[in-house]
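First comes the structure, then the notes that go with it.
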Amino acid sequence: MNILNLDPKSIHKLNTCQEAINYQFKNPELLIAALTHSSGAVTPFFSNERLEFLGDAVLGMLIVEILYHRCKDMMEGQMTQIKSVVVSRVSCSKISKTQGLGKFLFLGKGMEHFKCLPDSLLANVQESIIGAIYLDGGMNAARTYVTNHFEEEIEENIRGTSGQNFKTLLQQYSQQNMHQTPLYVVLDERGPDHNKCFKVCVSLDEINYQGAWGKNKKEAEQRAAHNAYNQIMGLQPPYPSDQQNI
């Protein structure tokens with residue numbers, strides 16, 4: 001698809017899209033490619049799939065760079081946890097919805113009937129936009145875009161990790177990467193009714209992760225989520241399964 005062949009309506013769509021993402025392309029054909037879904041492309045090489053591949057790598061690198069400089073008191077494991085959520089399809093599709101990217105896409109007739117586009121498609125176009133900006137303006141342009149549009153996701157997840165909100169982190173990761181929701185199983189409980197403590201484990205993808213004790217179910221679930229998240233990431237679970245560290 002060439003910009004010279006576009007009708008006025010499509011040209012208006014491109015101009016409005018650039019306002020929405022706050023970036024003006026020097027080469028608008030890159031934007032056309034980023035917005036062209038495979039269903040609306042003449043051949044697969046004219047769709048946004050290659051730009052999506054590039055944008056995914058650029059986004060990952062830039063988020064790592066931002067976290068490295070911003071989170072000076074965090075170790076690699078914590079930054080890995082934040083990065084995995086920020087670059088996830090959940091986050092990318094959320095940002096695309098905020099920008100209204102769905103209405104700017106060039107879709108084939110088979111896709112035009114969708115009133116609500118799939119989140120996966122919206123996540124893909126976010127990555128293809130990043131890839132297009134990188135090719136058009138270089139890494140500095142891509143860095144500015146990612147910093148501006150992913151700021152809320154970055155800060156929200158930094159706060160979540162600092163506050164040990166591992167139930168949220170685990171749910172976001174598991175829904176994105178495993179297409180499942182964690183199940184919290186009470187393994188044991190001890191003490192009188194007015195002062196019970198609980199042992200809980202996370203069951204996910206037919207795996208029971210290391211359980212943890214807590215002074216109440218909420219604390220036990222949070223600790224169990226932390227154990228499970230660390231194990232999934234190849235890290236040591238922080239809470240032992242015995243009762244001595246409640």
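For the structure tokens, the naming scheme is as follows: chains receive sequential letters (A, B, ...) according to their order of presentation, residues are indexed from 1 within each chain, and ligands are indexed from 1 in presentation order.
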
Which parts of segment 134-244 of chain A does DSSP call strand (DSSP E) when run on the backbone here, written out as a ChimeraX atom specification?
/A:183-190,197-204,207-208,212-214

Please save N, CA and C atoms of the selected residues as a short mmCIF file (atom, residue, chain, number, x, y, z; two decimals), in the first residue's frame.
```cif
data_model
loop_
_atom_site.label_atom_id
_atom_site.label_comp_id
_atom_site.auth_asym_id
_atom_site.auth_seq_id
_atom_site.Cartn_x
_atom_site.Cartn_y
_atom_site.Cartn_z
N LEU A 183 -5.02 -20.60 41.04
CA LEU A 183 -5.96 -21.11 42.03
C LEU A 183 -5.23 -21.23 43.37
N TYR A 184 -5.82 -20.66 44.42
CA TYR A 184 -5.20 -20.69 45.74
C TYR A 184 -5.85 -21.79 46.58
N VAL A 185 -5.03 -22.72 47.02
CA VAL A 185 -5.51 -23.90 47.73
C VAL A 185 -5.04 -23.86 49.18
N VAL A 186 -5.97 -23.96 50.14
CA VAL A 186 -5.61 -24.03 51.56
C VAL A 186 -5.16 -25.45 51.87
N LEU A 187 -3.90 -25.58 52.26
CA LEU A 187 -3.32 -26.90 52.55
C LEU A 187 -3.48 -27.29 54.00
N ASP A 188 -3.49 -26.29 54.89
CA ASP A 188 -3.53 -26.59 56.32
C ASP A 188 -3.93 -25.33 57.07
N GLU A 189 -4.43 -25.50 58.27
CA GLU A 189 -4.73 -24.37 59.15
C GLU A 189 -4.53 -24.82 60.58
N ARG A 190 -4.01 -23.91 61.40
CA ARG A 190 -3.72 -24.24 62.79
C ARG A 190 -4.11 -23.10 63.71
N CYS A 197 -3.89 -19.54 61.73
CA CYS A 197 -2.94 -19.27 60.65
C CYS A 197 -3.18 -20.32 59.56
N PHE A 198 -2.81 -19.97 58.35
CA PHE A 198 -3.14 -20.81 57.20
C PHE A 198 -1.91 -21.08 56.34
N LYS A 199 -1.92 -22.27 55.75
CA LYS A 199 -0.90 -22.62 54.76
C LYS A 199 -1.60 -22.74 53.40
N VAL A 200 -1.11 -21.97 52.42
CA VAL A 200 -1.74 -21.90 51.10
C VAL A 200 -0.70 -22.14 50.03
N CYS A 201 -1.12 -22.80 48.95
CA CYS A 201 -0.24 -22.93 47.80
C CYS A 201 -0.98 -22.47 46.54
N VAL A 202 -0.22 -22.15 45.51
CA VAL A 202 -0.78 -21.79 44.21
C VAL A 202 -0.79 -23.02 43.32
N SER A 203 -1.93 -23.28 42.72
CA SER A 203 -2.05 -24.35 41.72
C SER A 203 -2.25 -23.69 40.36
N LEU A 204 -1.36 -24.00 39.43
CA LEU A 204 -1.39 -23.34 38.13
C LEU A 204 -0.82 -24.28 37.07
N ILE A 207 0.33 -27.64 38.21
CA ILE A 207 1.50 -27.67 39.09
C ILE A 207 1.13 -26.99 40.40
N ASN A 208 1.45 -27.65 41.53
CA ASN A 208 1.28 -27.05 42.84
C ASN A 208 2.62 -26.47 43.28
N ALA A 212 3.02 -21.62 51.51
CA ALA A 212 3.54 -20.68 52.49
C ALA A 212 2.50 -20.45 53.58
N TRP A 213 2.99 -20.22 54.79
CA TRP A 213 2.11 -19.92 55.91
C TRP A 213 1.91 -18.41 56.05
N GLY A 214 0.73 -18.05 56.57
CA GLY A 214 0.44 -16.65 56.86
C GLY A 214 -0.45 -16.52 58.07
#
```

Could you pull out the residues in segment 159-236 of chain A that DSSP calls helix (DSSP H, G or I) from the backbone, as a ChimeraX atom specification?
/A:159-162,166-177,193-195,217-232

Near-Arg70 of chain A list (12 Å; only C-alpha atoms; drop same-chain fewer than 2 positions) as an NGL selection string:
:A and (63-68 or 72-75 or 79 or 147 or 151 or 154-155 or 158)

Could you name the residues that touch segment 234-244 of chain A at 8 Å or less, counting only C-alpha atoms, but leaving out those on the same chain fewer than 5 positions away, as a PyMOL selection string?
chain A and resi 77+199+210-213+223-224+226-228

10 Å contact set for Ala142 of chain A, only C-alpha atoms, chain neighbours under 6 positions out, as a list of chain:residue names
A:Tyr23, A:Gly55, A:Val58, A:Leu59, A:Leu62, A:Ile129, A:Ile130, A:Gly131, A:Ala132, A:Ile133, A:Tyr134, A:Leu135, A:Asp136, A:Asn148

Residues from last step as file, N, CA, C and O atoms, as a PDB file, in the first residue's frame:
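File produced: again.pdb:
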```pdb
ATOM      1  N   TYR A  23       3.357  11.339  17.486  1.00  0.00           N
ATOM      2  CA  TYR A  23       4.579  11.175  16.694  1.00  0.00           C
ATOM      3  C   TYR A  23       4.255  11.435  15.227  1.00  0.00           C
ATOM      4  O   TYR A  23       3.281  10.892  14.702  1.00  0.00           O
ATOM      5  N   GLY A  55       9.357  -4.448  16.738  1.00  0.00           N
ATOM      6  CA  GLY A  55       8.893  -3.623  17.847  1.00  0.00           C
ATOM      7  C   GLY A  55       8.911  -4.343  19.180  1.00  0.00           C
ATOM      8  O   GLY A  55       9.191  -3.733  20.223  1.00  0.00           O
ATOM      9  N   VAL A  58      12.480  -4.068  20.392  1.00  0.00           N
ATOM     10  CA  VAL A  58      12.812  -2.695  20.780  1.00  0.00           C
ATOM     11  C   VAL A  58      12.137  -2.336  22.107  1.00  0.00           C
ATOM     12  O   VAL A  58      12.763  -1.762  23.003  1.00  0.00           O
ATOM     13  N   LEU A  59      10.870  -2.699  22.254  1.00  0.00           N
ATOM     14  CA  LEU A  59      10.142  -2.419  23.493  1.00  0.00           C
ATOM     15  C   LEU A  59      10.808  -3.101  24.677  1.00  0.00           C
ATOM     16  O   LEU A  59      11.023  -2.476  25.722  1.00  0.00           O
ATOM     17  N   LEU A  62      14.069  -1.316  25.638  1.00  0.00           N
ATOM     18  CA  LEU A  62      13.872   0.002  26.231  1.00  0.00           C
ATOM     19  C   LEU A  62      13.301  -0.088  27.646  1.00  0.00           C
ATOM     20  O   LEU A  62      13.685   0.697  28.522  1.00  0.00           O
ATOM     21  N   ILE A 129       3.781  -0.384  15.813  1.00  0.00           N
ATOM     22  CA  ILE A 129       3.968   1.071  15.862  1.00  0.00           C
ATOM     23  C   ILE A 129       5.352   1.413  16.416  1.00  0.00           C
ATOM     24  O   ILE A 129       6.067   2.278  15.893  1.00  0.00           O
ATOM     25  N   ILE A 130       5.745   0.710  17.468  1.00  0.00           N
ATOM     26  CA  ILE A 130       7.073   0.947  18.064  1.00  0.00           C
ATOM     27  C   ILE A 130       8.170   0.602  17.064  1.00  0.00           C
ATOM     28  O   ILE A 130       9.154   1.337  16.921  1.00  0.00           O
ATOM     29  N   GLY A 131       7.997  -0.508  16.347  1.00  0.00           N
ATOM     30  CA  GLY A 131       8.971  -0.884  15.330  1.00  0.00           C
ATOM     31  C   GLY A 131       9.058   0.160  14.229  1.00  0.00           C
ATOM     32  O   GLY A 131      10.147   0.497  13.748  1.00  0.00           O
ATOM     33  N   ALA A 132       7.922   0.701  13.818  1.00  0.00           N
ATOM     34  CA  ALA A 132       7.893   1.715  12.760  1.00  0.00           C
ATOM     35  C   ALA A 132       8.557   3.008  13.217  1.00  0.00           C
ATOM     36  O   ALA A 132       9.304   3.641  12.455  1.00  0.00           O
ATOM     37  N   ILE A 133       8.297   3.418  14.449  1.00  0.00           N
ATOM     38  CA  ILE A 133       8.926   4.633  14.984  1.00  0.00           C
ATOM     39  C   ILE A 133      10.433   4.458  15.071  1.00  0.00           C
ATOM     40  O   ILE A 133      11.204   5.371  14.757  1.00  0.00           O
ATOM     41  N   TYR A 134      10.862   3.270  15.473  1.00  0.00           N
ATOM     42  CA  TYR A 134      12.304   2.985  15.554  1.00  0.00           C
ATOM     43  C   TYR A 134      12.964   3.126  14.179  1.00  0.00           C
ATOM     44  O   TYR A 134      14.023   3.749  14.037  1.00  0.00           O
ATOM     45  N   LEU A 135      12.340   2.588  13.147  1.00  0.00           N
ATOM     46  CA  LEU A 135      12.898   2.692  11.801  1.00  0.00           C
ATOM     47  C   LEU A 135      12.840   4.123  11.271  1.00  0.00           C
ATOM     48  O   LEU A 135      13.719   4.565  10.538  1.00  0.00           O
ATOM     49  N   ASP A 136      11.808   4.852  11.654  1.00  0.00           N
ATOM     50  CA  ASP A 136      11.607   6.201  11.135  1.00  0.00           C
ATOM     51  C   ASP A 136      12.480   7.232  11.837  1.00  0.00           C
ATOM     52  O   ASP A 136      13.033   8.130  11.185  1.00  0.00           O
ATOM     53  N   ASN A 148       6.917   7.896  27.254  1.00  0.00           N
ATOM     54  CA  ASN A 148       5.676   8.667  27.405  1.00  0.00           C
ATOM     55  C   ASN A 148       4.447   7.786  27.557  1.00  0.00           C
ATOM     56  O   ASN A 148       3.590   8.028  28.415  1.00  0.00           O
TER      57      ASN A 148
END
```

Return the single residue from A:Lys103, A:Lys97, A:Lys167, A:His37 that is closest to Gln222 of chain A, with distances computed using only C-alpha atoms.
A:Lys167

Closest to Phe25 of chain A among A:Ser96, A:Gly138, A:Phe106, A:Asn177, using only C-alpha atoms?
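Nearest to Phe25 of chain A: A:Gly138.
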